[in-house]
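> Quick one, target_11.cif (mmCIF, C-alpha atoms and all ligand atoms):
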```cif
data_protein
loop_
_atom_site.label_atom_id
_atom_site.label_comp_id
_atom_site.auth_asym_id
_atom_site.auth_seq_id
_atom_site.Cartn_x
_atom_site.Cartn_y
_atom_site.Cartn_z
CA MET A 526 48.33 16.12 53.88
CA GLY A 527 44.56 15.86 53.88
CA PRO A 528 41.23 17.36 54.92
CA SER A 529 40.81 18.50 58.53
CA HIS A 530 38.52 15.65 59.68
CA GLN A 531 41.38 13.24 58.92
CA LEU A 532 44.00 15.39 60.59
CA SER A 533 42.03 15.95 63.78
CA ARG A 534 42.20 12.23 64.40
CA GLN A 535 46.01 12.47 64.47
CA VAL A 536 46.39 15.75 66.38
CA ASP A 537 44.00 16.97 69.06
CA LEU A 538 43.52 20.48 67.68
CA SER A 539 40.72 21.39 70.10
CA SER A 540 42.97 21.26 73.16
CA HIS A 541 45.66 23.51 71.72
CA PRO A 542 46.05 26.68 73.76
CA ARG A 543 46.49 28.97 70.80
CA ARG A 544 43.77 28.10 68.37
CA VAL A 545 43.39 29.75 64.96
CA GLU A 546 40.10 29.01 63.23
CA ALA A 547 40.97 28.08 59.65
CA SER A 548 37.88 26.25 58.39
CA GLY A 549 37.61 26.36 54.63
CA LYS A 550 41.22 27.50 54.26
CA THR A 551 44.38 25.61 53.25
CA VAL A 552 47.15 25.20 55.83
CA LEU A 553 50.75 24.66 54.73
CA PRO A 554 54.20 24.80 56.34
CA GLY A 555 55.70 28.32 56.25
CA PHE A 556 57.48 28.81 52.93
CA ILE A 557 61.28 28.70 52.89
CA ASP A 558 63.21 30.76 50.35
CA SER A 559 66.54 28.94 50.31
CA HIS A 560 68.35 31.17 47.77
CA THR A 561 68.15 34.99 47.80
CA HIS A 562 70.41 38.00 47.45
CA LEU A 563 68.20 40.03 49.82
CA ALA A 564 70.40 42.92 50.99
CA PHE A 565 71.31 44.86 47.84
CA ALA A 566 71.04 48.62 47.30
CA GLY A 567 69.59 50.11 44.12
CA THR A 568 67.75 48.38 41.30
CA ARG A 569 68.54 47.63 37.65
CA GLU A 570 65.41 48.34 35.61
CA MET A 571 67.67 49.96 32.96
CA GLU A 572 69.30 46.60 32.34
CA PHE A 573 65.91 44.94 32.15
CA GLU A 574 65.07 47.30 29.29
CA LEU A 575 68.46 46.69 27.60
CA ARG A 576 67.88 42.96 27.80
CA LEU A 577 64.47 43.41 26.21
CA GLN A 578 66.25 45.15 23.34
CA GLY A 579 68.56 42.15 22.86
CA ALA A 580 71.53 42.57 25.20
CA THR A 581 72.37 39.46 27.23
CA TYR A 582 73.04 39.27 30.97
CA GLN A 583 76.69 38.42 30.26
CA GLU A 584 77.15 41.31 27.78
CA ILE A 585 75.78 43.77 30.32
CA ALA A 586 78.06 42.34 32.99
CA ALA A 587 81.11 42.56 30.70
CA LYS A 588 80.44 46.30 30.20
CA GLY A 589 80.55 46.97 33.95
CA GLY A 590 76.81 46.65 34.56
CA GLY A 591 75.31 43.62 36.24
CA ILE A 592 76.55 42.59 39.66
CA LYS A 593 79.28 45.29 39.59
CA SER A 594 76.75 48.12 39.40
CA THR A 595 74.92 46.76 42.44
CA VAL A 596 78.27 46.39 44.22
CA GLN A 597 78.91 50.10 43.69
CA LYS A 598 75.53 51.09 45.17
CA THR A 599 75.75 48.60 48.04
CA ARG A 600 79.24 49.76 48.98
CA GLN A 601 77.93 53.34 49.17
CA ALA A 602 74.93 52.45 51.33
CA GLY A 603 75.18 52.72 55.11
CA LYS A 604 74.13 49.89 57.40
CA GLU A 605 70.94 51.67 58.47
CA GLU A 606 69.93 52.16 54.86
CA LEU A 607 70.59 48.52 53.98
CA PHE A 608 68.72 47.41 57.08
CA ALA A 609 65.68 49.51 56.13
CA ILE A 610 65.72 48.14 52.58
CA GLY A 611 66.07 44.57 53.84
CA LYS A 612 63.32 44.96 56.40
CA ARG A 613 60.84 46.20 53.84
CA ARG A 614 61.70 43.28 51.55
CA LEU A 615 61.33 40.77 54.38
CA ASP A 616 57.91 42.28 55.20
CA GLN A 617 56.89 41.69 51.59
CA MET A 618 58.17 38.11 51.75
CA LEU A 619 56.31 37.42 54.98
CA SER A 620 53.11 38.72 53.40
CA LEU A 621 53.62 36.14 50.63
CA GLY A 622 54.00 33.31 53.14
CA THR A 623 57.81 33.12 53.48
CA THR A 624 58.88 32.48 57.08
CA THR A 625 62.57 31.58 56.54
CA VAL A 626 64.92 33.31 54.09
CA GLU A 627 68.45 32.38 53.13
CA ALA A 628 70.33 35.55 52.19
CA LYS A 629 73.75 35.98 50.60
CA SER A 630 76.37 38.67 50.88
CA GLY A 631 78.29 39.24 47.64
CA TYR A 632 77.70 42.91 46.82
CA GLY A 633 80.51 44.13 49.08
CA LEU A 634 83.43 42.18 47.58
CA SER A 635 85.89 43.57 50.12
CA VAL A 636 86.49 42.43 53.69
CA GLU A 637 84.59 45.43 55.12
CA GLY A 638 81.89 45.36 52.45
CA GLU A 639 81.10 41.68 52.96
CA ILE A 640 81.12 42.03 56.74
CA LYS A 641 78.81 45.03 56.52
CA MET A 642 76.28 43.03 54.49
CA LEU A 643 76.47 40.04 56.84
CA GLU A 644 76.05 42.25 59.91
CA VAL A 645 72.94 43.75 58.33
CA LEU A 646 71.61 40.23 57.73
CA ARG A 647 72.31 39.32 61.37
CA ASP A 648 70.46 42.44 62.55
CA LEU A 649 67.53 41.66 60.26
CA ASP A 650 67.33 38.14 61.63
CA ARG A 651 67.17 39.52 65.17
CA ALA A 652 64.63 42.22 64.38
CA HIS A 653 62.25 40.49 61.98
CA PRO A 654 59.76 37.68 62.57
CA ALA A 655 61.15 35.80 59.55
CA ASP A 656 64.36 33.84 60.16
CA VAL A 657 67.33 34.91 58.04
CA VAL A 658 69.99 32.28 57.29
CA PRO A 659 73.22 34.06 56.26
CA THR A 660 75.51 32.93 53.45
CA PHE A 661 78.93 34.40 52.72
CA MET A 662 79.37 34.93 48.98
CA GLY A 663 82.51 36.99 48.57
CA ALA A 664 83.08 34.98 45.40
CA HIS A 665 80.07 36.46 43.60
CA GLU A 666 82.08 38.55 41.11
CA ILE A 667 85.59 39.94 40.72
CA PRO A 668 85.49 43.57 41.92
CA PRO A 669 86.78 46.32 39.59
CA GLU A 670 89.93 46.97 41.65
CA TYR A 671 90.95 43.34 41.02
CA ALA A 672 90.23 43.41 37.26
CA GLY A 673 92.70 41.08 35.56
CA ARG A 674 93.92 39.82 38.95
CA LYS A 675 91.43 37.11 39.71
CA ASP A 676 93.93 34.93 41.55
CA ASP A 677 94.73 37.76 43.93
CA TYR A 678 91.03 38.19 44.63
CA VAL A 679 90.56 34.46 45.25
CA ARG A 680 93.43 34.68 47.71
CA LEU A 681 91.73 37.61 49.46
CA VAL A 682 88.53 35.59 49.78
CA ILE A 683 90.36 32.57 51.16
CA GLU A 684 92.95 34.22 53.36
CA GLU A 685 91.11 37.24 54.70
CA MET A 686 87.37 37.20 54.11
CA ILE A 687 86.56 33.65 55.18
CA PRO A 688 88.61 33.80 58.41
CA ALA A 689 87.07 37.18 59.32
CA VAL A 690 83.51 36.02 58.61
CA ALA A 691 84.07 32.79 60.55
CA GLU A 692 85.64 34.54 63.50
CA LYS A 693 82.63 36.84 63.82
CA LYS A 694 80.26 33.89 63.26
CA LEU A 695 78.42 35.84 60.59
CA ALA A 696 77.59 33.04 58.14
CA VAL A 697 76.27 29.50 58.08
CA PHE A 698 77.02 28.82 54.40
CA CYS A 699 79.72 29.71 51.88
CA ASP A 700 78.64 30.08 48.24
CA VAL A 701 80.49 30.69 44.94
CA PHE A 702 79.39 31.84 41.46
CA CYS A 703 81.01 29.03 39.46
CA GLU A 704 80.61 30.30 35.90
CA GLU A 705 82.56 31.11 32.76
CA GLY A 706 84.18 34.53 33.17
CA VAL A 707 83.67 34.46 36.93
CA PHE A 708 85.06 31.64 39.15
CA SER A 709 86.27 28.38 37.59
CA PRO A 710 85.50 24.99 39.16
CA GLU A 711 89.09 24.98 40.49
CA ASP A 712 88.71 28.46 42.08
CA SER A 713 85.37 27.36 43.48
CA ARG A 714 86.79 24.20 44.97
CA ARG A 715 89.57 26.12 46.72
CA ILE A 716 87.18 28.71 48.11
CA LEU A 717 84.59 26.19 49.27
CA GLU A 718 87.21 23.94 50.87
CA ALA A 719 88.53 26.96 52.75
CA GLY A 720 84.97 27.74 53.89
CA ARG A 721 84.65 24.16 55.09
CA ARG A 722 87.87 24.38 57.09
CA TYR A 723 86.38 27.37 58.88
CA GLY A 724 83.16 25.53 59.70
CA LEU A 725 80.91 26.84 56.93
CA GLU A 726 78.48 24.61 55.03
CA VAL A 727 78.71 24.77 51.26
CA LYS A 728 76.48 25.88 48.38
CA ILE A 729 77.31 26.52 44.71
CA HIS A 730 75.79 28.59 41.88
CA ALA A 731 76.36 25.78 39.38
CA ASP A 732 75.87 25.29 35.65
CA GLU A 733 73.56 28.31 35.32
CA LEU A 734 74.61 29.70 31.94
CA THR A 735 77.13 27.12 30.73
CA SER A 736 78.04 23.52 31.53
CA LEU A 737 81.17 23.79 33.65
CA GLY A 738 80.94 20.75 35.90
CA GLY A 739 79.42 22.60 38.84
CA ALA A 740 77.05 19.74 39.66
CA GLU A 741 79.96 17.26 39.76
CA LEU A 742 81.93 19.60 42.00
CA ALA A 743 78.96 19.98 44.36
CA ALA A 744 78.75 16.20 44.67
CA GLU A 745 82.46 15.77 45.11
CA ILE A 746 82.69 18.21 47.99
CA GLY A 747 79.34 17.24 49.50
CA ALA A 748 77.59 20.59 49.18
CA ALA A 749 74.25 21.05 50.93
CA SER A 750 72.88 22.23 47.59
CA ALA A 751 73.82 23.09 44.03
CA ASP A 752 71.69 25.89 42.65
CA HIS A 753 70.43 26.84 39.12
CA LEU A 754 71.68 23.73 37.18
CA LEU A 755 70.13 24.57 33.80
CA PHE A 756 73.17 23.01 32.11
CA ALA A 757 73.89 20.25 34.62
CA SER A 758 75.31 17.11 33.00
CA GLU A 759 73.84 13.65 33.28
CA LYS A 760 76.84 12.53 35.31
CA GLY A 761 76.52 15.56 37.57
CA MET A 762 72.89 14.76 38.35
CA GLU A 763 73.69 11.14 39.13
CA ARG A 764 76.51 12.12 41.44
CA MET A 765 74.32 14.66 43.21
CA ALA A 766 71.70 11.97 43.81
CA ALA A 767 74.31 9.55 45.15
CA ARG A 768 75.81 12.16 47.48
CA GLY A 769 72.46 13.60 48.65
CA VAL A 770 73.11 17.11 47.30
CA VAL A 771 69.84 19.06 46.99
CA ALA A 772 69.18 20.67 43.59
CA THR A 773 67.81 24.15 44.22
CA LEU A 774 66.09 25.19 41.03
CA LEU A 775 65.36 28.84 40.31
CA PRO A 776 62.85 28.98 37.45
CA GLY A 777 62.17 32.67 38.12
CA THR A 778 65.69 33.41 36.87
CA ALA A 779 65.33 31.35 33.69
CA PHE A 780 62.03 33.16 33.11
CA PHE A 781 63.29 36.67 33.85
CA LEU A 782 66.46 36.23 31.73
CA PHE A 783 64.31 34.50 29.07
CA LEU A 784 67.01 31.90 28.63
CA GLY A 785 64.72 29.67 26.57
CA ARG A 786 65.37 26.70 28.81
CA TYR A 787 64.77 25.53 32.36
CA ALA A 788 66.59 23.11 34.62
CA PRO A 789 65.65 19.47 33.92
CA ALA A 790 63.61 19.01 37.09
CA ARG A 791 61.86 15.79 36.05
CA LYS A 792 65.11 14.13 35.00
CA MET A 793 66.61 15.04 38.33
CA MET A 794 63.68 13.63 40.29
CA GLU A 795 63.74 10.43 38.19
CA ARG A 796 67.39 10.02 39.17
CA GLY A 797 66.58 10.47 42.85
CA VAL A 798 67.75 14.07 43.33
CA THR A 799 65.86 16.08 45.97
CA VAL A 800 64.53 19.20 44.23
CA ALA A 801 64.03 22.47 46.11
CA LEU A 802 62.72 25.70 44.58
CA ALA A 803 63.74 29.24 45.48
CA SER A 804 63.32 32.78 44.21
CA ASP A 805 66.98 33.84 43.67
CA PHE A 806 65.60 37.31 44.50
CA ASN A 807 68.18 39.81 43.17
CA PRO A 808 68.12 43.03 41.11
CA GLY A 809 69.59 41.58 37.91
CA SER A 810 68.38 38.12 37.10
CA CYS A 811 65.20 37.71 39.18
CA MET A 812 63.41 40.63 40.77
CA THR A 813 60.68 38.80 42.66
CA GLN A 814 60.16 37.62 46.23
CA SER A 815 57.08 35.55 45.40
CA LEU A 816 57.51 31.83 46.08
CA PRO A 817 53.92 31.11 44.98
CA LEU A 818 54.81 32.55 41.56
CA ILE A 819 57.94 30.36 41.50
CA THR A 820 55.71 27.29 42.02
CA THR A 821 53.60 28.29 39.02
CA LEU A 822 56.73 28.53 36.86
CA ALA A 823 57.98 25.20 38.23
CA CYS A 824 54.71 23.53 37.23
CA THR A 825 54.23 25.13 33.82
CA GLN A 826 57.87 25.26 32.67
CA MET A 827 59.46 22.27 34.38
CA ARG A 828 56.38 20.05 34.64
CA MET A 829 56.54 19.65 38.39
CA THR A 830 53.24 18.75 40.03
CA PRO A 831 51.71 21.29 42.44
CA ALA A 832 52.56 18.94 45.33
CA GLU A 833 56.20 18.61 44.21
CA ALA A 834 56.40 22.39 43.90
CA ILE A 835 55.10 22.87 47.45
CA LEU A 836 57.67 20.35 48.72
CA GLY A 837 60.24 22.45 46.86
CA ILE A 838 59.46 25.57 48.90
CA THR A 839 58.99 23.73 52.20
CA LEU A 840 60.59 20.40 53.19
CA HIS A 841 63.14 20.22 50.39
CA ALA A 842 64.12 23.85 50.91
CA ALA A 843 64.61 23.07 54.61
CA ARG A 844 66.96 20.28 53.54
CA ALA A 845 68.91 22.69 51.31
CA LEU A 846 69.44 24.78 54.46
CA LYS A 847 70.17 21.75 56.66
CA LYS A 848 67.21 22.74 58.81
CA GLU A 849 64.82 19.85 58.16
CA GLU A 850 64.86 18.90 61.83
CA ASP A 851 63.17 22.20 62.72
CA ILE A 852 61.15 23.46 59.78
CA GLY A 853 59.67 22.53 56.41
CA SER A 854 56.72 20.36 57.47
CA LEU A 855 53.87 20.39 59.96
CA GLU A 856 54.88 17.73 62.44
CA PRO A 857 54.90 17.46 66.22
CA GLY A 858 58.30 18.60 67.47
CA LYS A 859 58.98 21.05 64.66
CA GLN A 860 58.72 24.81 64.87
CA ALA A 861 55.15 26.09 64.31
CA ASP A 862 55.85 28.04 61.11
CA ILE A 863 52.55 27.96 59.27
CA VAL A 864 50.92 29.74 56.35
CA ILE A 865 47.14 29.77 56.07
CA LEU A 866 45.84 30.44 52.58
CA ASP A 867 42.43 31.57 51.44
CA ILE A 868 42.17 28.80 48.84
CA PRO A 869 40.02 25.66 48.82
CA ASP A 870 42.80 23.26 47.84
CA TYR A 871 46.64 23.28 47.84
CA ARG A 872 46.73 23.18 44.03
CA HIS A 873 45.26 26.67 43.84
CA LEU A 874 48.58 28.05 45.13
CA SER A 875 50.21 27.40 41.74
CA TYR A 876 47.07 27.31 39.62
CA HIS A 877 45.51 30.67 40.57
CA PHE A 878 48.64 32.74 40.03
CA GLY A 879 49.62 36.37 40.26
CA ILE A 880 47.64 37.32 43.37
CA ASN A 881 48.33 36.86 47.05
CA HIS A 882 46.24 34.10 48.67
CA VAL A 883 47.98 34.29 52.05
CA TRP A 884 45.44 34.88 54.83
CA LYS A 885 47.57 34.59 57.97
CA VAL A 886 51.19 33.76 58.72
CA VAL A 887 52.21 32.04 61.96
CA LYS A 888 55.90 32.11 62.96
CA LYS A 889 57.06 30.05 65.96
CA GLY A 890 53.46 29.71 67.08
CA ARG A 891 52.57 33.40 66.87
CA VAL A 892 50.42 35.11 64.22
CA VAL A 893 52.88 37.58 62.66
CA TRP A 894 50.96 38.72 59.60
CA GLU A 895 47.30 39.00 58.61
CA ASN A 896 46.12 40.01 55.18
CA PRO A 897 44.15 43.25 55.54
CA SER A 898 42.30 42.67 52.27
CA LEU A 899 41.04 39.17 53.13
CA PRO A 900 38.34 38.89 55.83
O1 LIG A 1001 71.96 34.00 41.14
N1 LIG A 1001 74.37 34.37 39.41
C1 LIG A 1001 74.85 35.16 40.21
N2 LIG A 1001 74.12 35.87 41.06
C2 LIG A 1001 72.77 36.17 40.85
C3 LIG A 1001 72.62 37.40 40.06
C4 LIG A 1001 72.99 38.58 40.86
C5 LIG A 1001 72.85 39.89 40.13
O2 LIG A 1001 72.67 39.95 38.90
O3 LIG A 1001 72.92 40.91 40.83
C6 LIG A 1001 72.04 34.95 40.35
O4 LIG A 1001 71.51 34.91 39.23
FE FE A 1002 71.78 33.57 43.02
#
```
Written as structure tokens, how would this file's structure read?

Amino acid sequence: MGPSHQLSRQVDLSSHPRRVEASGKTVLPGFIDSHTHLAFAGTREMEFELRLQGATYQEIAAKGGGIKSTVQKTRQAGKEELFAIGKRRLDQMLSLGTTTVEAKSGYGLSVEGEIKMLEVLRDLDRAHPADVVPTFMGAHEIPPEYAGRKDDYVRLVIEEMIPAVAEKKLAVFCDVFCEEGVFSPEDSRRILEAGRRYGLEVKIHADELTSLGGAELAAEIGAASADHLLFASEKGMERMAARGVVATLLPGTAFFLFLGRYAPARKMMERGVTVALASDFNPGSCMTQSLPLITTLACTQMRMTPAEAILGITLHAARALKKEEDIGSLEPGKQADIVILDIPDYRHLSYHFGINHVWKVVKKGRVVWENPSLP
């Protein structure tokens, strides 16, 4: 990091065949959104209003709203429709500087429904300049036809969904919503171990709304990341640090659900945990694709510094996706995924919030987006 006269001593910029003049701008690695639920149909603004009137996320879910209502709409949507929705959302992300997006299934909750979502994600990855990293999340909720039969559903995930997804090579990661009323730590362990056996890397939605031991489980099974972690225990954080599990914090969700608390980012960093930041983009608990906004929340609500927040959406996010060899920093040998911002200093990304400062986006060495409103 530093001003250009220092950098040009390390890298001979003048001889580079594809030169982009960026004097007076700020150049950062392309942003990496390492936790999203990108490919959902329909939106849930009604629930937003209900929550403003006092209903909680869990109460809405218990009445058949929440994830289940998005499952219904996503099951009804055809692949072309989901692709068009996803493409538009990826365009918006790219315009905000995001060049790599992790995206989860989890609104199909049947073998066909999950495969449909993952095939759409594969097609989006092929068609769009942004890279899409697919995660299988059949264990996102218990679908209505399995109400009261959770164990049967867990068996379906383990015995049918995971083998089918693995056989078609449709996912890199396997994720589970480990939460009270959804999947217990024991269910989660069984599902994630099955994913492992089929060659999937592991992630967990852990300790988001209650303290269930998700952080400990993530450490025990060596997950790439544990995500949310508002209620992570002291022991859980220490074990994550020891095992090298990345903590992916999602302050947009804590903000949008007005939970009145945020994950203890500083405590985690003091204990040596690598902290990544992501949007958690989804229609219920965080309807934003803006990583710059997430950095502002990380700074103001979790007391991260602007530099720590930028690491959270670049190098540390790359680590959460096990892609730090290729992306996440501007170094010789890595992919040229670059965002050029019309700001005088990197701190302005979090400090001057609520507008888009992105000037140009470079993906794999090619300019893939230019801001029409910035000269
Ligand atoms: O990360 N926690 C589970 N999944 C999402 C919410 C998905 C939804 O509400 O549709 C989350 O918060
Ligand atoms: Fe999530």
> Dump as CSV the rows for residues of range 562-620 of chain A within 10 Å of range 770-782 of chain A: closest atom pair and distance in Å with one decimal, all atoms listed in the file counted, ordered by chain and rising residue number.

```
residue,atom,partner,partner_atom,distance
A:Phe573,CA,A:Leu782,CA,8.7
A:Arg576,CA,A:Leu782,CA,7.9
A:Leu577,CA,A:Leu782,CA,9.3
A:Thr581,CA,A:Leu782,CA,8.1
A:Tyr582,CA,A:Leu782,CA,7.3
```
> Could you please extract the residues within 7 Å of ligand FE 1002 (chain A), counting only C-alpha atoms and all ligand atoms, and hand them back as a count of residues only?
5
> Anything within 10 Å of (66.9, 8.7, 39.1): list those residues as an mmCIF file with C-alpha atoms, in the coordinates of the input, counting only C-alpha atoms and sticking to the file's coordinates.

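Writing the result to result-v6.cif gives the following:
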```cif
data_model
loop_
_atom_site.group_PDB
_atom_site.id
_atom_site.type_symbol
_atom_site.label_atom_id
_atom_site.label_comp_id
_atom_site.auth_asym_id
_atom_site.auth_seq_id
_atom_site.Cartn_x
_atom_site.Cartn_y
_atom_site.Cartn_z
ATOM 1 C CA MET A 762 72.890 14.760 38.350
ATOM 2 C CA GLU A 763 73.690 11.140 39.130
ATOM 3 C CA ALA A 766 71.700 11.970 43.810
ATOM 4 C CA ALA A 767 74.310 9.550 45.150
ATOM 5 C CA ARG A 791 61.860 15.790 36.050
ATOM 6 C CA LYS A 792 65.110 14.130 35.000
ATOM 7 C CA MET A 793 66.610 15.040 38.330
ATOM 8 C CA MET A 794 63.680 13.630 40.290
ATOM 9 C CA GLU A 795 63.740 10.430 38.190
ATOM 10 C CA ARG A 796 67.390 10.020 39.170
ATOM 11 C CA GLY A 797 66.580 10.470 42.850
ATOM 12 C CA VAL A 798 67.750 14.070 43.330
#
```
> Write out as a Markdown table the residues of chain A that have any atom within 8 Å of an atom of ligand LIG 1001 (chain A), one row each with the nearest atom pair and its distance in Å to one decimal, counting all atoms listed in the file, sorted by chain and then rising number.

```
| residue | atom | partner | partner_atom | distance |
| --- | --- | --- | --- | --- |
| A:Thr561 | CA | A:LIG1001 | O1 | 7.7 |
| A:His562 | CA | A:LIG1001 | C4 | 7.1 |
| A:Tyr582 | CA | A:LIG1001 | O2 | 8.0 |
| A:Gly591 | CA | A:LIG1001 | O2 | 5.2 |
| A:Ile592 | CA | A:LIG1001 | O3 | 4.2 |
| A:Lys593 | CA | A:LIG1001 | O3 | 7.8 |
| A:Thr595 | CA | A:LIG1001 | O3 | 6.4 |
| A:Tyr632 | CA | A:LIG1001 | O3 | 7.9 |
| A:His665 | CA | A:LIG1001 | C1 | 6.4 |
| A:Phe702 | CA | A:LIG1001 | C1 | 5.8 |
| A:His730 | CA | A:LIG1001 | N1 | 6.4 |
| A:Glu733 | CA | A:LIG1001 | N1 | 7.4 |
| A:His753 | CA | A:LIG1001 | O1 | 7.6 |
| A:Thr778 | CA | A:LIG1001 | O4 | 6.5 |
| A:Asp805 | CA | A:LIG1001 | O1 | 5.6 |
| A:Phe806 | CA | A:LIG1001 | O1 | 7.9 |
| A:Asn807 | CA | A:LIG1001 | O3 | 5.4 |
| A:Pro808 | CA | A:LIG1001 | O3 | 5.3 |
| A:Gly809 | CA | A:LIG1001 | O2 | 3.6 |
| A:Ser810 | CA | A:LIG1001 | O4 | 5.0 |
| A:Cys811 | CA | A:LIG1001 | O4 | 6.9 |
```
> Any chance you could export the current selection's C-alpha atoms as a compact mmCIF listing (two decimals), in the frame of the given file?

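Wrote part.txt, looks like this:
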```txt
# COMPACT_ATOMS: atom_id res chain seq x y z
CA THR A 561 68.15 34.99 47.80
CA HIS A 562 70.41 38.00 47.45
CA TYR A 582 73.04 39.27 30.97
CA GLY A 591 75.31 43.62 36.24
CA ILE A 592 76.55 42.59 39.66
CA LYS A 593 79.28 45.29 39.59
CA THR A 595 74.92 46.76 42.44
CA TYR A 632 77.70 42.91 46.82
CA HIS A 665 80.07 36.46 43.60
CA PHE A 702 79.39 31.84 41.46
CA HIS A 730 75.79 28.59 41.88
CA GLU A 733 73.56 28.31 35.32
CA HIS A 753 70.43 26.84 39.12
CA THR A 778 65.69 33.41 36.87
CA ASP A 805 66.98 33.84 43.67
CA PHE A 806 65.60 37.31 44.50
CA ASN A 807 68.18 39.81 43.17
CA PRO A 808 68.12 43.03 41.11
CA GLY A 809 69.59 41.58 37.91
CA SER A 810 68.38 38.12 37.10
CA CYS A 811 65.20 37.71 39.18
```
> Taking every listed atom of range 560-565 of chain A and adding 6 Å to each side, what centre and edge lengths in Å (one decimal) does the axis-aligned box have, as AutoDock Vina command-line options?

```
--center_x 69.7 --center_y 38.0 --center_z 49.2 --size_x 15.2 --size_y 25.7 --size_z 15.5
```
> When you draw a straight line from CA of Glu666 in chain A to CA of Lys847 in chain A, how long is it in Å?
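We find that CA of Glu666 in chain A and CA of Lys847 in chain A lie 25.8 Å from each other.
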> Show me as a list in words the residues that reach within 8 Å of (77.7, 41.4, 51.9), counting all atoms listed in the file and using the file's own coordinates.
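Selection result: Ala564, Lys629, Ser630, Gly631, Tyr632, Gly633, Leu634, Gly638, Glu639, Ile640, Lys641, Met642, Leu643, Phe661, Met662 and Gly663 of chain A.
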